[in-house]
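S.K.: What follows is query-v2.cif, made up of mmCIF, C-alpha atoms and all ligand atoms:
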```cif
data_final
loop_
_atom_site.group_PDB
_atom_site.id
_atom_site.type_symbol
_atom_site.label_atom_id
_atom_site.label_comp_id
_atom_site.auth_asym_id
_atom_site.auth_seq_id
_atom_site.Cartn_x
_atom_site.Cartn_y
_atom_site.Cartn_z
ATOM 1 C CA MET A 1 -11.587 -52.827 62.722
ATOM 2 C CA GLU A 2 -14.152 -55.002 64.405
ATOM 3 C CA GLY A 3 -17.439 -56.165 63.020
ATOM 4 C CA LEU A 4 -20.176 -58.754 62.882
ATOM 5 C CA ILE A 5 -20.610 -61.266 60.050
ATOM 6 C CA ILE A 6 -24.167 -60.834 58.850
ATOM 7 C CA LYS A 7 -23.883 -63.075 55.809
ATOM 8 C CA ALA A 8 -21.624 -65.902 54.687
ATOM 9 C CA VAL A 9 -21.802 -67.306 51.155
ATOM 10 C CA GLY A 10 -19.175 -69.406 49.452
ATOM 11 C CA GLY A 11 -16.184 -68.007 51.293
ATOM 12 C CA LEU A 12 -17.350 -64.405 51.056
ATOM 13 C CA TYR A 13 -18.545 -62.545 54.106
ATOM 14 C CA ASP A 14 -20.587 -59.424 54.690
ATOM 15 C CA VAL A 15 -19.227 -57.794 57.811
ATOM 16 C CA GLU A 16 -21.212 -55.059 59.505
ATOM 17 C CA SER A 17 -18.730 -52.552 60.875
ATOM 18 C CA PRO A 18 -18.700 -48.954 62.103
ATOM 19 C CA SER A 19 -17.900 -47.908 58.532
ATOM 20 C CA GLY A 20 -20.716 -49.837 56.905
ATOM 21 C CA VAL A 21 -21.015 -53.327 55.479
ATOM 22 C CA LEU A 22 -17.673 -54.614 54.223
ATOM 23 C CA GLN A 23 -17.288 -57.515 51.825
ATOM 24 C CA CYS A 24 -14.509 -59.683 53.096
ATOM 25 C CA LYS A 25 -12.595 -62.868 52.561
ATOM 26 C CA ALA A 26 -11.111 -64.954 55.332
ATOM 27 C CA ARG A 27 -7.438 -65.367 56.030
ATOM 28 C CA GLY A 28 -6.124 -68.520 54.360
ATOM 29 C CA ILE A 29 -4.804 -69.833 57.646
ATOM 30 C CA PHE A 30 -8.333 -70.421 58.958
ATOM 31 C CA ARG A 31 -8.960 -73.084 56.363
ATOM 32 C CA LYS A 32 -5.683 -74.829 57.198
ATOM 33 C CA GLN A 33 -6.737 -74.798 60.852
ATOM 34 C CA GLY A 34 -10.135 -76.201 59.921
ATOM 35 C CA ILE A 35 -12.001 -73.124 61.187
ATOM 36 C CA SER A 36 -14.454 -71.226 59.094
ATOM 37 C CA PRO A 37 -15.985 -67.897 59.931
ATOM 38 C CA CYS A 38 -19.716 -68.093 60.324
ATOM 39 C CA THR A 39 -22.699 -65.768 60.389
ATOM 40 C CA GLY A 40 -22.940 -64.229 63.851
ATOM 41 C CA ASP A 41 -19.174 -64.243 64.393
ATOM 42 C CA ARG A 42 -17.568 -61.140 65.795
ATOM 43 C CA VAL A 43 -14.412 -60.609 63.809
ATOM 44 C CA THR A 44 -11.430 -58.352 63.290
ATOM 45 C CA VAL A 45 -11.017 -57.089 59.742
ATOM 46 C CA GLU A 46 -7.935 -55.629 58.105
ATOM 47 C CA GLY A 47 -8.675 -54.172 54.686
ATOM 48 C CA ASP A 48 -11.023 -56.734 53.183
ATOM 49 C CA VAL A 49 -9.651 -59.696 55.071
ATOM 50 C CA ILE A 50 -10.994 -61.264 58.239
ATOM 51 C CA THR A 51 -7.906 -61.761 60.359
ATOM 52 C CA GLU A 52 -9.416 -62.893 63.616
ATOM 53 C CA ILE A 53 -12.560 -64.674 64.794
ATOM 54 C CA HIS A 54 -13.421 -63.680 68.333
ATOM 55 C CA PRO A 55 -14.257 -66.419 70.828
ATOM 56 C CA ARG A 56 -17.767 -67.779 70.286
ATOM 57 C CA ARG A 57 -20.331 -67.960 73.034
ATOM 58 C CA ASN A 58 -22.095 -70.753 71.198
ATOM 59 C CA LEU A 59 -22.368 -72.303 67.766
ATOM 60 C CA LEU A 60 -25.070 -74.071 65.833
ATOM 61 C CA ILE A 61 -23.865 -76.222 62.971
ATOM 62 C CA ARG A 62 -27.155 -76.470 61.100
ATOM 63 C CA PRO A 63 -27.984 -73.737 60.343
ATOM 64 C CA PRO A 64 -24.479 -72.343 60.781
ATOM 65 C CA LEU A 65 -24.877 -69.557 63.322
ATOM 66 C CA ALA A 66 -22.582 -68.269 66.045
ATOM 67 C CA ASN A 67 -23.309 -66.244 69.170
ATOM 68 C CA LEU A 68 -27.063 -66.592 69.265
ATOM 69 C CA ASP A 69 -28.617 -64.777 72.204
ATOM 70 C CA GLN A 70 -31.871 -66.654 72.002
ATOM 71 C CA LEU A 71 -33.701 -69.280 70.048
ATOM 72 C CA LEU A 72 -37.457 -68.909 69.721
ATOM 73 C CA PHE A 73 -39.326 -72.193 69.580
ATOM 74 C CA VAL A 74 -42.541 -71.575 67.696
ATOM 75 C CA LEU A 75 -45.272 -73.988 68.755
ATOM 76 C CA SER A 76 -48.787 -74.140 67.391
ATOM 77 C CA VAL A 77 -51.320 -75.379 69.897
ATOM 78 C CA ARG A 78 -53.008 -77.279 67.050
ATOM 79 C CA GLU A 79 -52.355 -78.195 63.412
ATOM 80 C CA PRO A 80 -49.782 -79.447 64.243
ATOM 81 C CA ALA A 81 -49.929 -80.013 68.008
ATOM 82 C CA PRO A 82 -46.482 -79.880 69.624
ATOM 83 C CA ASN A 83 -44.368 -83.011 69.981
ATOM 84 C CA LEU A 84 -43.245 -82.504 73.572
ATOM 85 C CA LEU A 85 -40.454 -85.076 73.606
ATOM 86 C CA LEU A 86 -38.902 -83.527 70.512
ATOM 87 C CA LEU A 87 -39.336 -80.072 71.997
ATOM 88 C CA ASP A 88 -37.724 -81.129 75.266
ATOM 89 C CA ARG A 89 -34.768 -82.587 73.380
ATOM 90 C CA PHE A 90 -34.195 -79.299 71.566
ATOM 91 C CA LEU A 91 -34.693 -77.270 74.729
ATOM 92 C CA ALA A 92 -32.071 -79.362 76.511
ATOM 93 C CA VAL A 93 -29.571 -78.842 73.682
ATOM 94 C CA CYS A 94 -30.289 -75.143 73.774
ATOM 95 C CA VAL A 95 -29.625 -74.921 77.514
ATOM 96 C CA TYR A 96 -26.525 -77.057 77.056
ATOM 97 C CA LYS A 97 -25.222 -74.646 74.443
ATOM 98 C CA GLU A 98 -26.042 -71.687 76.644
ATOM 99 C CA ILE A 99 -28.542 -70.206 74.237
ATOM 100 C CA ARG A 100 -31.648 -68.809 75.894
ATOM 101 C CA PRO A 101 -34.733 -70.729 74.768
ATOM 102 C CA VAL A 102 -38.005 -68.837 74.372
ATOM 103 C CA LEU A 103 -41.349 -70.519 73.686
ATOM 104 C CA VAL A 104 -43.817 -68.798 71.391
ATOM 105 C CA PHE A 105 -47.286 -70.263 71.057
ATOM 106 C CA THR A 106 -49.313 -69.699 67.893
ATOM 107 C CA LYS A 107 -52.750 -70.553 66.491
ATOM 108 C CA LEU A 108 -54.383 -69.463 69.716
ATOM 109 C CA ASP A 109 -57.613 -68.990 67.781
ATOM 110 C CA LEU A 110 -57.765 -72.773 67.305
ATOM 111 C CA ALA A 111 -57.197 -73.908 70.891
ATOM 112 C CA ASP A 112 -56.136 -72.748 74.294
ATOM 113 C CA ALA A 113 -52.400 -72.696 75.030
ATOM 114 C CA GLU A 114 -52.825 -73.139 78.766
ATOM 115 C CA LYS A 115 -52.305 -76.902 78.701
ATOM 116 C CA TYR A 116 -48.817 -76.364 77.283
ATOM 117 C CA ALA A 117 -48.063 -73.150 79.111
ATOM 118 C CA GLU A 118 -48.645 -74.968 82.383
ATOM 119 C CA ILE A 119 -46.016 -77.560 81.511
ATOM 120 C CA TYR A 120 -43.357 -75.010 80.654
ATOM 121 C CA ARG A 121 -44.030 -72.383 83.306
ATOM 122 C CA GLY A 122 -42.252 -74.628 85.789
ATOM 123 C CA SER A 123 -39.183 -74.765 83.565
ATOM 124 C CA GLY A 124 -38.753 -71.015 83.796
ATOM 125 C CA PHE A 125 -38.379 -70.618 80.040
ATOM 126 C CA PRO A 126 -39.944 -67.344 78.892
ATOM 127 C CA LEU A 127 -43.363 -67.915 77.320
ATOM 128 C CA TYR A 128 -44.945 -65.737 74.655
ATOM 129 C CA PHE A 129 -48.303 -65.982 72.918
ATOM 130 C CA ALA A 130 -48.713 -64.697 69.379
ATOM 131 C CA ASP A 131 -52.386 -63.888 69.195
ATOM 132 C CA TYR A 132 -53.098 -61.958 66.019
ATOM 133 C CA GLN A 133 -56.388 -60.729 67.490
ATOM 134 C CA LYS A 134 -54.294 -58.895 70.082
ATOM 135 C CA PRO A 135 -51.557 -56.868 68.364
ATOM 136 C CA GLU A 136 -49.878 -56.130 71.693
ATOM 137 C CA THR A 137 -48.844 -59.796 71.924
ATOM 138 C CA VAL A 138 -46.865 -59.420 68.695
ATOM 139 C CA GLN A 139 -45.400 -56.175 70.014
ATOM 140 C CA GLU A 140 -44.147 -58.005 73.093
ATOM 141 C CA ILE A 141 -42.319 -60.517 70.920
ATOM 142 C CA TYR A 142 -40.913 -57.695 68.808
ATOM 143 C CA ALA A 143 -39.612 -55.978 71.952
ATOM 144 C CA LEU A 144 -37.974 -59.240 73.013
ATOM 145 C CA LEU A 145 -35.790 -59.161 69.889
ATOM 146 C CA GLU A 146 -34.329 -55.713 70.512
ATOM 147 C CA GLY A 147 -30.570 -55.612 70.977
ATOM 148 C CA LYS A 148 -30.237 -59.356 70.440
ATOM 149 C CA ILE A 149 -29.397 -61.942 67.819
ATOM 150 C CA SER A 150 -32.266 -64.397 67.596
ATOM 151 C CA ALA A 151 -33.346 -67.312 65.482
ATOM 152 C CA PHE A 152 -36.677 -69.081 65.114
ATOM 153 C CA THR A 153 -37.259 -72.782 64.961
ATOM 154 C CA GLY A 154 -40.284 -75.036 64.860
ATOM 155 C CA ASN A 155 -41.966 -77.683 62.768
ATOM 156 C CA SER A 156 -43.260 -76.933 59.330
ATOM 157 C CA GLY A 157 -46.641 -75.266 59.432
ATOM 158 C CA VAL A 158 -46.508 -73.949 62.986
ATOM 159 C CA GLY A 159 -46.612 -70.372 61.716
ATOM 160 C CA LYS A 160 -43.017 -69.140 61.805
ATOM 161 C CA SER A 161 -43.246 -67.188 58.560
ATOM 162 C CA THR A 162 -46.637 -65.789 59.554
ATOM 163 C CA LEU A 163 -45.140 -64.577 62.825
ATOM 164 C CA LEU A 164 -42.075 -63.057 61.178
ATOM 165 C CA ASN A 165 -44.268 -61.204 58.706
ATOM 166 C CA ALA A 166 -46.293 -59.850 61.608
ATOM 167 C CA LEU A 167 -43.095 -58.717 63.324
ATOM 168 C CA ASP A 168 -41.836 -56.882 60.242
ATOM 169 C CA GLU A 169 -44.090 -56.486 57.250
ATOM 170 C CA ARG A 170 -41.084 -55.818 55.008
ATOM 171 C CA LEU A 171 -40.095 -59.489 55.291
ATOM 172 C CA GLN A 172 -43.012 -60.711 53.151
ATOM 173 C CA LEU A 173 -42.148 -64.350 53.657
ATOM 174 C CA GLU A 174 -44.255 -66.918 51.867
ATOM 175 C CA THR A 175 -46.577 -68.843 54.114
ATOM 176 C CA ALA A 176 -48.382 -72.187 53.996
ATOM 177 C CA HIS A 177 -47.829 -74.676 51.192
ATOM 178 C CA ILE A 178 -45.823 -72.250 49.061
ATOM 179 C CA SER A 179 -43.059 -71.990 51.643
ATOM 180 C CA LYS A 180 -42.723 -75.748 51.756
ATOM 181 C CA LYS A 181 -41.871 -75.838 48.086
ATOM 182 C CA LEU A 182 -39.307 -73.081 48.448
ATOM 183 C CA GLY A 183 -38.072 -74.566 51.697
ATOM 184 C CA ARG A 184 -36.855 -77.730 50.096
ATOM 185 C CA GLY A 185 -34.600 -75.863 47.731
ATOM 186 C CA ARG A 186 -33.373 -73.568 50.449
ATOM 187 C CA HIS A 187 -32.440 -76.347 52.822
ATOM 188 C CA THR A 188 -29.781 -77.574 50.435
ATOM 189 C CA THR A 189 -27.904 -74.270 50.572
ATOM 190 C CA ARG A 190 -26.115 -73.920 53.842
ATOM 191 C CA GLU A 191 -26.023 -70.191 54.064
ATOM 192 C CA THR A 192 -27.492 -68.033 56.725
ATOM 193 C CA ALA A 193 -27.849 -64.296 56.937
ATOM 194 C CA LEU A 194 -28.876 -61.970 59.710
ATOM 195 C CA TYR A 195 -31.692 -59.585 59.009
ATOM 196 C CA THR A 196 -31.847 -56.318 60.927
ATOM 197 C CA LEU A 197 -35.234 -55.288 62.282
ATOM 198 C CA PRO A 198 -36.184 -51.593 62.470
ATOM 199 C CA HIS A 199 -35.210 -51.408 66.171
ATOM 200 C CA GLY A 200 -31.801 -52.934 65.416
ATOM 201 C CA GLY A 201 -32.436 -56.454 66.707
ATOM 202 C CA LYS A 202 -31.139 -59.148 64.392
ATOM 203 C CA ILE A 203 -32.870 -62.328 63.341
ATOM 204 C CA ALA A 204 -31.565 -65.259 61.326
ATOM 205 C CA ASP A 205 -33.248 -65.429 57.947
ATOM 206 C CA THR A 206 -33.699 -69.188 58.125
ATOM 207 C CA PRO A 207 -37.224 -69.392 59.482
ATOM 208 C CA GLY A 208 -37.724 -72.672 57.639
ATOM 209 C CA PHE A 209 -35.310 -74.726 59.615
ATOM 210 C CA SER A 210 -37.156 -77.312 61.586
ATOM 211 C CA THR A 211 -34.435 -79.860 62.150
ATOM 212 C CA PHE A 212 -32.347 -77.680 64.425
ATOM 213 C CA GLU A 213 -29.310 -79.871 64.816
ATOM 214 C CA THR A 214 -29.292 -82.324 67.637
ATOM 215 C CA ASP A 215 -25.752 -83.612 67.195
ATOM 216 C CA ALA A 216 -24.692 -81.915 70.389
ATOM 217 C CA TYR A 217 -27.486 -83.673 72.196
ATOM 218 C CA ALA A 218 -25.514 -86.861 71.667
ATOM 219 C CA GLN A 219 -22.780 -85.273 73.734
ATOM 220 C CA ILE A 220 -24.826 -84.409 76.791
ATOM 221 C CA ALA A 221 -23.441 -86.902 79.274
ATOM 222 C CA PRO A 222 -25.843 -88.610 81.691
ATOM 223 C CA ASP A 223 -24.491 -86.536 84.573
ATOM 224 C CA GLU A 224 -24.977 -83.262 82.710
ATOM 225 C CA LEU A 225 -28.519 -83.906 81.544
ATOM 226 C CA ALA A 226 -30.386 -82.842 84.686
ATOM 227 C CA ASP A 227 -28.677 -79.446 84.469
ATOM 228 C CA CYS A 228 -30.296 -78.994 81.057
ATOM 229 C CA PHE A 229 -33.766 -79.263 82.655
ATOM 230 C CA PRO A 230 -33.965 -76.111 84.790
ATOM 231 C CA GLU A 231 -36.810 -77.361 86.958
ATOM 232 C CA LEU A 232 -34.815 -80.471 87.900
ATOM 233 C CA GLN A 233 -31.766 -78.432 88.642
ATOM 234 C CA ARG A 234 -33.787 -76.042 90.778
ATOM 235 C CA ILE A 235 -35.058 -78.643 93.246
ATOM 236 C CA SER A 236 -33.644 -77.406 96.499
ATOM 237 C CA ALA A 237 -33.887 -80.583 98.550
ATOM 238 C CA PRO A 238 -30.918 -82.847 97.935
ATOM 239 C CA CYS A 239 -31.317 -86.431 96.791
ATOM 240 C CA ARG A 240 -30.011 -89.050 99.201
ATOM 241 C CA TYR A 241 -27.162 -89.873 96.860
ATOM 242 C CA ALA A 242 -25.015 -87.078 95.500
ATOM 243 C CA ASP A 243 -24.692 -88.858 92.159
ATOM 244 C CA CYS A 244 -28.431 -89.586 91.920
ATOM 245 C CA ARG A 245 -29.690 -89.722 88.350
ATOM 246 C CA HIS A 246 -33.286 -89.469 89.506
ATOM 247 C CA LEU A 247 -34.416 -92.788 88.057
ATOM 248 C CA LYS A 248 -35.029 -95.492 90.638
ATOM 249 C CA GLU A 249 -32.692 -94.433 93.431
ATOM 250 C CA PRO A 250 -34.194 -94.358 96.932
ATOM 251 C CA GLY A 251 -34.542 -90.937 98.529
ATOM 252 C CA CYS A 252 -34.676 -89.131 95.200
ATOM 253 C CA ALA A 253 -35.874 -85.549 95.690
ATOM 254 C CA VAL A 254 -36.667 -85.151 92.006
ATOM 255 C CA ARG A 255 -39.040 -88.099 91.905
ATOM 256 C CA GLN A 256 -40.599 -86.803 95.087
ATOM 257 C CA ALA A 257 -41.110 -83.427 93.387
ATOM 258 C CA VAL A 258 -42.773 -85.178 90.448
ATOM 259 C CA ALA A 259 -45.050 -87.039 92.868
ATOM 260 C CA ASP A 260 -45.870 -83.738 94.619
ATOM 261 C CA GLY A 261 -46.660 -82.073 91.287
ATOM 262 C CA GLU A 262 -43.784 -79.606 91.583
ATOM 263 C CA ILE A 263 -42.154 -81.054 88.474
ATOM 264 C CA VAL A 264 -44.428 -81.757 85.521
ATOM 265 C CA GLN A 265 -44.643 -85.431 84.598
ATOM 266 C CA SER A 266 -44.093 -84.936 80.864
ATOM 267 C CA ARG A 267 -40.862 -83.028 81.452
ATOM 268 C CA TYR A 268 -39.617 -85.721 83.802
ATOM 269 C CA ASP A 269 -40.607 -88.374 81.260
ATOM 270 C CA SER A 270 -38.562 -86.609 78.566
ATOM 271 C CA TYR A 271 -35.630 -86.461 80.965
ATOM 272 C CA THR A 272 -35.778 -90.199 81.629
ATOM 273 C CA VAL A 273 -36.021 -91.047 77.915
ATOM 274 C CA MET A 274 -32.998 -88.881 77.187
ATOM 275 C CA LEU A 275 -31.099 -90.167 80.190
ATOM 276 C CA GLN A 276 -31.590 -93.772 79.180
ATOM 277 C CA GLU A 277 -30.379 -92.960 75.690
ATOM 278 C CA ALA A 278 -27.352 -91.139 77.074
ATOM 279 C CA MET A 279 -26.534 -94.032 79.377
ATOM 280 C CA ALA A 280 -26.837 -96.520 76.515
ATOM 281 C CA ARG A 281 -24.329 -94.481 74.537
ATOM 282 C CA LYS A 282 -21.856 -94.376 77.339
ATOM 283 C CA VAL A 283 -19.337 -97.183 77.528
ATOM 284 C CA TYR A 284 -18.134 -98.025 81.006
HETATM 285 N N1 LIG B 301 -55.581 -70.339 62.485
HETATM 286 C C1 LIG B 301 -54.337 -69.897 62.431
HETATM 287 N N2 LIG B 301 -53.556 -70.222 61.397
HETATM 288 C C2 LIG B 301 -52.288 -69.759 61.379
HETATM 289 C C3 LIG B 301 -51.751 -68.974 62.422
HETATM 290 N N3 LIG B 301 -50.458 -68.702 62.132
HETATM 291 C C4 LIG B 301 -50.215 -69.300 60.957
HETATM 292 N N4 LIG B 301 -51.311 -69.936 60.482
HETATM 293 C C5 LIG B 301 -51.445 -70.691 59.235
HETATM 294 O O1 LIG B 301 -50.670 -71.872 59.302
HETATM 295 C C6 LIG B 301 -50.123 -72.200 58.014
HETATM 296 C C7 LIG B 301 -48.617 -72.341 58.103
HETATM 297 O O2 LIG B 301 -48.059 -71.077 58.465
HETATM 298 P P1 LIG B 301 -46.567 -70.680 58.052
HETATM 299 O O3 LIG B 301 -46.322 -69.327 58.628
HETATM 300 O O4 LIG B 301 -46.351 -70.843 56.598
HETATM 301 O O5 LIG B 301 -45.760 -71.801 58.821
HETATM 302 P P2 LIG B 301 -44.176 -72.028 58.869
HETATM 303 O O6 LIG B 301 -43.840 -72.395 60.282
HETATM 304 O O7 LIG B 301 -43.450 -70.878 58.293
HETATM 305 O O8 LIG B 301 -44.012 -73.319 57.958
HETATM 306 P P3 LIG B 301 -42.708 -73.782 57.120
HETATM 307 O O9 LIG B 301 -42.217 -72.605 56.342
HETATM 308 O O10 LIG B 301 -43.232 -74.894 56.257
HETATM 309 O O11 LIG B 301 -41.717 -74.273 58.123
HETATM 310 C C8 LIG B 301 -50.565 -71.063 57.087
HETATM 311 O O12 LIG B 301 -51.697 -71.496 56.378
HETATM 312 C C9 LIG B 301 -50.908 -69.949 58.036
HETATM 313 O O13 LIG B 301 -51.859 -69.063 57.511
HETATM 314 C C10 LIG B 301 -52.608 -68.638 63.535
HETATM 315 O O14 LIG B 301 -52.233 -67.956 64.497
HETATM 316 N N5 LIG B 301 -53.880 -69.139 63.474
HETATM 317 MG MG MG B 302 -42.155 -70.705 56.676
HETATM 318 ZN ZN ZN B 303 -32.563 -87.893 92.509
#
```
Taking this structure as input, can you express it in the form of structure tokens?
M.R.:
Amino acid sequence: MEGLIIKAVGGLYDVESPSGVLQCKARGIFRKQGISPCTGDRVTVEGDVITEIHPRRNLLIRPPLANLDQLLFVLSVREPAPNLLLLDRFLAVCVYKEIRPVLVFTKLDLADAEKYAEIYRGSGFPLYFADYQKPETVQEIYALLEGKISAFTGNSGVGKSTLLNALDERLQLETAHISKKLGRGRHTTRETALYTLPHGGKIADTPGFSTFETDAYAQIAPDELADCFPELQRISAPCRYADCRHLKEPGCAVRQAVADGEIVQSRYDSYTVMLQEAMARKVY
């Protein structure tokens, strides 16, 4: 039988299957091979044993989650204001891992989101605005989760728990300072579960994670980095040199696009910071 791991704790797995939620162990051989089943894995189960882990589309290590369809980056326009370089790093990792990034702006009652929306419209990432004065904006985000496995990330205090509670009142997550206290304890346990929303969409129950792992970022080679910035990749005019890294090379179409305002400066700046780091890592 086939199923989906919706919870993994200490070598025990809850597998959602056509005949309900099964409590399973993993085949011993996995451990010898250094593989461990993970929440989000599609698996084959025989009796109460997971015998096969199906190929993963993607994998996050922290929190451990496989096969994410999308990662929602929750960003408050104020208190705290977004750190765009950090955001761009995470977005690049997300693209690299072939997880769809979605940007969700919050605290729209405190400031206008347009300044940020403008920057990211050019990237093509879907943008959502959680405005609690307009319930339809929350409904749009809810609809986005249908039929998918999603997780939320964002700095502490941006309003992740508030948003999740608005999406499903049954969640009743603690918000503000209380969640910080709980969060510390929770971060030490490395377990993740998927929570099923009324329409069947699944969300990871780790809304507190703010340090979405960037290990993979270290592996984005200089030549792969531009592909992780959709607006750079989309520039139709070719650069003079096929191997152009869009830094100082003459005839660079990307720098021209920045000069023409087709590529937003702050996104290009993040690219160059990351590129220089990637090049420094690389040994020739
Ligand atoms: N003004 C305003 N405040 C908000 C909004 N959304 C959340 N807040 C407040 O911001 C604070 C933090 O919200 P949380 O939902 O706890 O933030 P969080 O992202 O879950 O934070 P951590 O759990 O620490 O990662 C709380 O005091 C919320 O009431 C909003 O849209 N407008
Ligand atoms: Mg929270
Ligand atoms: Zn170039």
S.K.: Could you check the closest approach to A:Ser161 for each of A:Ile220, A:Gln139, A:Gly200, A:Val74 and tell me which residue wins, using only C-alpha atoms?
M.R.: A:Val74
S.K.: Find the axis-aligned box for ligand LIG 301 (chain B), covering all its listed atoms and adding 8 Å on each side, and write its centre and edge lengths in Å to one decimal as JSON.
M.R.:
```
{"center_x": -48.6, "center_y": -71.4, "center_z": 60.4, "size_x": 29.9, "size_y": 22.9, "size_z": 24.2}
```
S.K.: If the limit is 6 Å from any atom of ligand LIG 301 (chain B), counting all atoms listed in the file, which residues qualify? Return them as a list in words.
M.R.: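 Within the 6 Å cut-off, the matching residues are Thr106, Lys107, Leu108, Asp109, Leu110, Asn155, Ser156, Gly157, Val158, Gly159, Lys160, Ser161, Thr162, Thr175, Ala176, Ser179, Lys180 and Gly208 of chain A.
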S.K.: Spell out the residues picked by the PyMOL selection byres (((chain A and resi 226) around 10) and not hetatm) here, as a ChimeraX atom specification.
M.R.: /A:92,220-225,227-234,245-246,254,268,271-272,274-275
S.K.: Using the chain letters and numbering of this document, enumerate as a list in words the residues selected by the PyMOL selection byres (((chain A and resi 50-57) around 7) and not hetatm).
M.R.: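 Written out, the selection comes to Cys24, Lys25, Ala26, Arg27, Pro37, Asp41, Arg42, Val43, Thr44, Val45, Glu46, Asp48, Val49, Asn58, Leu59, Ala66 and Asn67 of chain A.
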S.K.: Write out as number ranges by chain the residues lying within 12 Å of A:Asp88, counting all atoms listed in the file and excluding same-chain residues fewer than 5 positions away.
M.R.: A: 73, 82-83, 93-95, 101, 103, 119-120, 123, 125, 214, 217, 225, 228-230, 266-274
S.K.: Give me, as a tab-separated table, each residue of chain A that comes within 7 Å of ligand ZN 303 (chain B), together with its shortest interatomic pair and the distance in Å at one decimal, counting all atoms listed in the file, with rows ordered by chain and rising residue number.
M.R.:
```
residue	atom	partner	partner_atom	distance
A:Cys239	CA	B:ZN303	ZN	4.7
A:Cys244	CA	B:ZN303	ZN	4.5
A:Arg245	CA	B:ZN303	ZN	5.4
A:His246	CA	B:ZN303	ZN	3.5
A:Leu247	CA	B:ZN303	ZN	6.9
A:Glu249	CA	B:ZN303	ZN	6.6
A:Cys252	CA	B:ZN303	ZN	3.6
A:Ala253	CA	B:ZN303	ZN	5.2
A:Val254	CA	B:ZN303	ZN	5.0
A:Arg255	CA	B:ZN303	ZN	6.5
```
S.K.: Keeping only C-alpha atoms, write those residues as a PDB file, in the coordinates of the input.
M.R.:
```pdb
ATOM      1  CA  CYS A 239     -31.317 -86.431  96.791  1.00  0.00           C
ATOM      2  CA  CYS A 244     -28.431 -89.586  91.920  1.00  0.00           C
ATOM      3  CA  ARG A 245     -29.690 -89.722  88.350  1.00  0.00           C
ATOM      4  CA  HIS A 246     -33.286 -89.469  89.506  1.00  0.00           C
ATOM      5  CA  LEU A 247     -34.416 -92.788  88.057  1.00  0.00           C
ATOM      6  CA  GLU A 249     -32.692 -94.433  93.431  1.00  0.00           C
ATOM      7  CA  CYS A 252     -34.676 -89.131  95.200  1.00  0.00           C
ATOM      8  CA  ALA A 253     -35.874 -85.549  95.690  1.00  0.00           C
ATOM      9  CA  VAL A 254     -36.667 -85.151  92.006  1.00  0.00           C
ATOM     10  CA  ARG A 255     -39.040 -88.099  91.905  1.00  0.00           C
TER      11      ARG A 255
END
```
S.K.: When distances are computed from all atoms listed in the file, which of A:Glu79, A:Asp205, A:Asp260, A:Asp69 shows the smallest separation from ligand MG 302 (chain B)?
M.R.: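 Once distances to ligand MG 302 (chain B) are computed over all atoms listed in the file, the minimum belongs to A:Asp205.
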S.K.: Between A:Leu171, A:Ala242, A:Leu127, A:Ile263, which one has atoms that come closest to ligand MG 302 (chain B), using only C-alpha atoms and all ligand atoms?
M.R.: A:Leu171
S.K.: So what does the PyMOL selection byres (((chain A and resi 4) around 8) and not hetatm) actually pick up in this one, as a VMD selection string?
M.R.: chain A and resid 2 to 3 5 to 6 15 to 17 39 to 43
S.K.: To one decimal place in Å, what is the distance between atom CA of A:Glu98 and atom CA of A:Phe30?
M.R.: 25.1 Å
S.K.: Just the number, please: distance in Å from atom CA of A:Tyr13 to atom CA of A:Glu191, one decimal.
M.R.: 10.7 Å
S.K.: One decimal, Å: what's the distance from atom CA of A:Leu164 over to atom CA of A:Gly11, could you say?
M.R.: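 It comes out at 28.2 Å.
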S.K.: Considering all atoms listed in the file, can you say which of A:Pro80, A:Pro63, A:Gly201, A:Gly10 comes closest to A:Glu146?
M.R.: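 Distance minimum relative to A:Glu146 lands on A:Gly201.
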